[in-house]
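Each remark here refers to the structure printed beneath this line.
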Amino acid sequence: MIDAVTPIAGEKHGLLIRLIGALLLVAGLAAAYIAPIEIYTYYAFAPGGRFSYEGFYFGSFMFAYITIQVVGYYLIAALGITLGYGHLARTRWARPLTVTGLWFWLVCGLPLMAIALLMLVTSKGATVTGLLIGLPFMVLAYPLGPVLLLRFYQSKPVREVFEQRPPTTLRLDTIPLSVRGVCALLCFIILALHLPMLVNGVFPLFGRLLTGRQGFMALDILILTLAGLTWGFAHQKRWAWIGVLLVFGLLTASNAVTFARHSLLDVLLAMRLPPTEMAFFQGVPFLEQPLALPTALPSAGMVILALITGRHFWAKRTKA
């Protein structure tokens, strides 16, 4: 019963799905090509390079920034190639995985776009004309793009096209969408927690800024804890749901207490960045203002999202 979909609807949506798959595959392959080449950027900032400066080494901001770029390209390659294949083969797992990614885009897109806009506005080369030209593209990237794509993937014809294929052992569609979304955010946070390790391991702990070995140990413990909670959350274990609430509740309190006393300048000083990079941050607004609210909001948001998923963990379970 592979072709049980209405012929016209199946052909039209099947063609669109293949087109999206081809675009995703091309983007993934392009990222896979760029990622190794991007590693060459290290040489441009190293001694003797075109953009070299004193203090560029493991632990500097630019070293961390390049590393993030390289990892980002590899992640785009992995996602693009995987989802591209899933769309071209119209596998059942491709649609729930894509929908999860789009919801992740909606949740994380706003703060990421705000950070990108702040960096653009504070850039010395930024102009009003450039900002106005870039505004429509930013609106298309968020929120218009993910909203339109979500409507497409959640429509009945698209669902039917993907469900033509036989079920696999990877049954993502059996996990509720909100649970998948929280799991995706947990995976993103686990990756993001590796970033402070590139800049002296700065970690806020109830009023203190841990650095060095202490910071690394705190980050390591949190990463391992979240990895276990992610597995449990994906399997809808009640202990994992409680654990996520406790961990992010504590992180919210810790961030609020710590950054009520410390500013962004304190964090930059704790990173021990070279003088050239510290000079770069002098023009950043609110450099010496407390950051309690903006740093506590993301972890508080995770608490709210976990609470929304509660019904999937505490609903009565019938025996098989």
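So you can find residues: chains in the structure tokens are A, B, ... in the order shown, residues in each start at 1, and ligands are numbered from 1 in order.
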Could you name the residues that touch Val158 of chain A at 12 Å or less, counting only C-alpha atoms, but leaving out those on the same chain fewer than 5 positions away, as a compact mmCIF listing (two decimals) with C-alpha atoms, in the first residue's frame?
# COMPACT_ATOMS: atom_id res chain seq x y z
CA VAL A 5 -2.28 8.84 -1.30
CA THR A 6 -4.53 10.72 -3.71
CA ALA A 9 -1.90 15.49 -3.83
CA GLY A 10 0.75 12.80 -3.62
CA GLU A 11 2.57 13.97 -6.76
CA LYS A 12 2.48 17.67 -5.84
CA HIS A 13 3.59 17.29 -2.24
CA GLY A 14 5.98 14.48 -3.11
CA LEU A 15 7.70 16.78 -5.60
CA LEU A 16 7.96 19.59 -3.02
CA ILE A 17 9.38 17.15 -0.46
CA ARG A 18 12.00 15.95 -2.94
CA HIS A 87 13.26 13.72 2.33
CA ARG A 90 10.60 9.95 2.11
CA THR A 91 11.42 7.97 5.25
CA ARG A 92 8.90 8.12 8.10
CA ALA A 94 12.25 12.55 8.38
CA ARG A 95 9.00 14.44 9.04
CA PRO A 96 8.97 14.28 12.90
CA VAL A 99 9.12 19.30 12.71
CA LEU A 149 7.27 25.30 7.01
CA LEU A 150 5.51 23.99 10.12
CA ARG A 151 2.14 24.44 8.43
CA PHE A 152 3.49 22.53 5.44
CA TYR A 153 4.88 19.58 7.40
CA GLU A 163 3.56 7.60 6.07
CA GLN A 164 3.53 5.64 2.82
If you take only C-alpha atoms and a cut-off of 12 Å, which residues of segment 8-119 of chain A touch segment 295-306 of chain A, and what are their nearest atom pairs and distances in Å to one decimal, in chain and number order, as JSON lines?
{"residue": "A:Phe104", "atom": "CA", "partner": "A:Leu305", "partner_atom": "CA", "distance": 11.8}
{"residue": "A:Val107", "atom": "CA", "partner": "A:Gly301", "partner_atom": "CA", "distance": 9.7}
{"residue": "A:Cys108", "atom": "CA", "partner": "A:Pro298", "partner_atom": "CA", "distance": 9.6}
{"residue": "A:Leu110", "atom": "CA", "partner": "A:Pro298", "partner_atom": "CA", "distance": 11.5}
{"residue": "A:Pro111", "atom": "CA", "partner": "A:Pro298", "partner_atom": "CA", "distance": 9.1}
{"residue": "A:Leu112", "atom": "CA", "partner": "A:Pro298", "partner_atom": "CA", "distance": 11.7}
Point-to-point distance from atom CA of Leu269 of chain A to atom CA of Leu287 of chain A, Å rounded to tenths: 11.5 Å
Nearby residues (only C-alpha atoms) at most 12 Å from segment 244-261 of chain A, same-chain spacing under 5 positions excluded, as number ranges by chain: A: 179, 182-183, 185-186, 189, 202-210, 218-219, 221-223, 225-234, 236-239, 266-267, 288-310
Hey, can you check how far atom CA of Gly201 of chain A sits from atom CA of Gly215 of chain A? 4.8 Å
Just the residues within 7 Å of Leu172 of chain A, please, counting only C-alpha atoms, with nothing from its chain fewer than 2 positions along; format it as a PyMOL selection string. chain A and resi 93+96+170+174-175
Interface rows for segment 24-49 of chain A against segment 65-72 of chain A: nearest pair, Å to one decimal, 7 Å, only C-alpha atoms, as a Markdown table:
| residue | atom | partner | partner_atom | distance |
| --- | --- | --- | --- | --- |
| A:Ala35 | CA | A:Val70 | CA | 5.4 |
| A:Glu38 | CA | A:Val70 | CA | 6.2 |
| A:Ile39 | CA | A:Val70 | CA | 6.6 |
Pick the closest to Glu54 of chain A from A:Leu273, A:Cys187, A:Val284, A:Ala192: which is it, counting only C-alpha atoms?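 Using only C-alpha atoms, Glu54 of chain A sits closest to A:Leu273.
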Among segment 75-291 of chain A, which ones does DSSP place in alpha helix (DSSP H), written as a short mmCIF file (atom, residue, chain, number, x, y, z; two decimals) with C-alpha atoms, in the first residue's frame?
data_model
loop_
_atom_site.label_atom_id
_atom_site.label_comp_id
_atom_site.auth_asym_id
_atom_site.auth_seq_id
_atom_site.Cartn_x
_atom_site.Cartn_y
_atom_site.Cartn_z
CA LEU A 75 26.50 20.12 12.56
CA ILE A 76 24.85 21.73 9.52
CA ALA A 77 26.49 19.08 7.34
CA ALA A 78 25.22 16.25 9.54
CA LEU A 79 21.68 17.63 9.71
CA GLY A 80 21.51 18.64 6.04
CA ILE A 81 22.75 15.32 4.70
CA THR A 82 20.59 13.29 7.11
CA LEU A 83 17.39 15.25 6.50
CA GLY A 84 18.16 15.56 2.78
CA TYR A 85 18.37 11.80 2.46
CA GLY A 86 15.24 11.41 4.62
CA HIS A 87 13.26 13.72 2.33
CA LEU A 88 14.49 12.19 -0.92
CA ALA A 89 13.75 8.66 0.35
CA ALA A 94 12.25 12.55 8.38
CA ARG A 95 9.00 14.44 9.04
CA PRO A 96 8.97 14.28 12.90
CA LEU A 97 12.69 15.07 12.97
CA THR A 98 12.14 18.09 10.70
CA VAL A 99 9.12 19.30 12.71
CA THR A 100 11.19 19.05 15.91
CA GLY A 101 13.92 21.12 14.28
CA LEU A 102 11.43 23.76 13.17
CA TRP A 103 9.96 24.08 16.68
CA PHE A 104 13.53 24.37 17.99
CA TRP A 105 14.04 27.13 15.42
CA LEU A 106 10.96 28.94 16.71
CA VAL A 107 11.99 28.70 20.38
CA CYS A 108 15.69 29.54 19.96
CA GLY A 109 15.37 31.77 16.92
CA LEU A 110 14.28 34.91 18.79
CA PRO A 111 17.22 35.13 21.24
CA LEU A 112 19.69 34.09 18.52
CA MET A 113 18.32 36.74 16.15
CA ALA A 114 18.48 39.32 18.95
CA ILE A 115 22.15 38.47 19.57
CA ALA A 116 22.91 38.63 15.84
CA LEU A 117 21.13 42.00 15.56
CA LEU A 118 23.01 43.34 18.58
CA MET A 119 26.34 42.28 17.06
CA LEU A 120 25.36 43.88 13.76
CA VAL A 121 24.26 47.17 15.34
CA THR A 122 27.42 47.44 17.46
CA VAL A 128 21.24 52.22 8.52
CA THR A 129 20.84 51.31 4.83
CA GLY A 130 22.41 47.90 5.39
CA LEU A 131 20.13 47.24 8.36
CA LEU A 132 17.02 48.18 6.34
CA ILE A 133 18.08 45.93 3.46
CA GLY A 134 18.74 43.04 5.81
CA LEU A 135 15.47 43.42 7.75
CA PRO A 136 13.21 41.54 5.25
CA PHE A 137 15.67 38.62 5.19
CA MET A 138 15.67 38.53 9.00
CA VAL A 139 11.85 38.44 9.06
CA GLY A 145 10.10 30.83 7.55
CA PRO A 146 9.59 28.31 10.37
CA VAL A 147 5.87 29.13 10.72
CA LEU A 148 5.16 28.47 7.02
CA LEU A 149 7.27 25.30 7.01
CA LEU A 150 5.51 23.99 10.12
CA ARG A 151 2.14 24.44 8.43
CA PHE A 152 3.49 22.53 5.44
CA TYR A 153 4.88 19.58 7.40
CA LYS A 156 -2.44 15.97 6.07
CA PRO A 157 -1.11 15.46 2.49
CA VAL A 158 2.51 15.78 3.62
CA ARG A 159 1.92 13.45 6.55
CA GLU A 160 0.38 10.89 4.18
CA VAL A 161 3.32 11.08 1.77
CA PHE A 162 5.80 10.26 4.53
CA LEU A 177 6.22 16.80 19.84
CA SER A 178 6.68 18.88 23.01
CA VAL A 179 8.84 16.12 24.53
CA ARG A 180 10.96 15.94 21.36
CA GLY A 181 11.33 19.71 21.45
CA VAL A 182 12.63 19.74 25.03
CA CYS A 183 15.04 16.91 24.16
CA ALA A 184 16.34 18.94 21.21
CA LEU A 185 16.88 21.95 23.51
CA LEU A 186 18.68 19.75 26.05
CA CYS A 187 21.02 18.48 23.32
CA PHE A 188 21.69 22.06 22.23
CA ILE A 189 22.43 23.11 25.82
CA ILE A 190 24.83 20.18 26.24
CA LEU A 191 26.75 21.36 23.17
CA ALA A 192 26.63 25.00 24.32
CA GLY A 212 39.87 27.01 35.59
CA ARG A 213 39.74 23.47 36.95
CA GLN A 214 36.75 24.25 39.21
CA GLY A 215 34.78 25.65 36.29
CA PHE A 216 35.62 22.65 34.10
CA MET A 217 34.51 20.22 36.80
CA ALA A 218 31.20 22.06 37.30
CA LEU A 219 30.56 22.13 33.54
CA ASP A 220 31.47 18.45 33.25
CA ILE A 221 29.06 17.42 36.00
CA LEU A 222 26.25 19.47 34.45
CA ILE A 223 26.90 18.04 30.96
CA LEU A 224 26.81 14.45 32.21
CA THR A 225 23.68 15.15 34.27
CA LEU A 226 21.86 16.67 31.30
CA ALA A 227 22.92 13.78 29.05
CA GLY A 228 21.27 11.30 31.43
CA LEU A 229 18.18 13.48 31.78
CA THR A 230 17.89 13.78 28.00
CA TRP A 231 17.79 9.99 27.64
CA GLY A 232 15.20 9.68 30.39
CA PHE A 233 13.13 12.56 29.01
CA ALA A 234 13.04 11.00 25.54
CA ARG A 238 9.09 10.64 35.46
CA TRP A 239 12.42 10.91 37.27
CA ALA A 240 13.84 12.70 34.21
CA TRP A 241 10.97 15.19 34.17
CA ILE A 242 11.51 15.95 37.87
CA GLY A 243 15.26 16.13 37.29
CA VAL A 244 14.92 18.68 34.48
CA LEU A 245 12.73 20.88 36.69
CA LEU A 246 15.22 20.69 39.59
CA VAL A 247 18.34 21.29 37.49
CA PHE A 248 16.98 24.26 35.56
CA GLY A 249 15.28 25.66 38.65
CA LEU A 250 18.67 25.64 40.40
CA LEU A 251 20.37 27.11 37.32
CA THR A 252 17.80 29.93 37.23
CA ALA A 253 18.46 30.77 40.88
CA SER A 254 22.23 30.45 40.43
CA ASN A 255 22.29 32.74 37.38
CA ALA A 256 20.05 35.31 39.06
CA VAL A 257 22.15 35.44 42.23
CA THR A 258 25.50 35.42 40.43
CA PHE A 259 24.70 38.01 37.79
CA ALA A 260 22.98 40.32 40.24
CA ARG A 261 26.52 40.83 41.55
CA LEU A 264 29.51 41.19 31.53
CA LEU A 265 32.81 42.95 32.22
CA ASP A 266 33.41 40.63 35.19
CA VAL A 267 32.78 37.63 32.94
CA LEU A 268 35.20 38.93 30.31
CA LEU A 269 37.86 39.51 32.97
CA ALA A 270 37.30 35.99 34.29
CA MET A 271 37.90 34.65 30.78
CA PRO A 275 44.32 42.94 25.68
CA THR A 276 43.50 43.16 21.95
CA GLU A 277 40.24 41.29 22.46
CA MET A 278 39.33 43.19 25.63
CA ALA A 279 39.69 46.41 23.65
CA PHE A 280 37.23 45.05 21.09
#
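DSSP on the backbone gives strand (DSSP E or B) for these parts of segment 56-253 of chain A: Phe58, Ser60, Phe203, Pro204, Leu205, Arg208, Leu209 and Leu210 of chain A.
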Could you dump the residues just selected with C-alpha atoms as a short mmCIF file (atom, residue, chain, number, x, y, z; two decimals), in the first residue's frame?
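And here's out.cif as it stands now:
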data_model
loop_
_atom_site.label_atom_id
_atom_site.label_comp_id
_atom_site.auth_asym_id
_atom_site.auth_seq_id
_atom_site.Cartn_x
_atom_site.Cartn_y
_atom_site.Cartn_z
CA PHE A 58 43.54 28.29 23.05
CA SER A 60 41.19 33.51 23.48
CA PHE A 203 30.67 28.95 35.32
CA PRO A 204 28.22 30.89 37.56
CA LEU A 205 27.57 29.22 40.91
CA ARG A 208 30.66 33.10 42.37
CA LEU A 209 32.27 32.85 38.94
CA LEU A 210 34.11 29.54 38.89
#
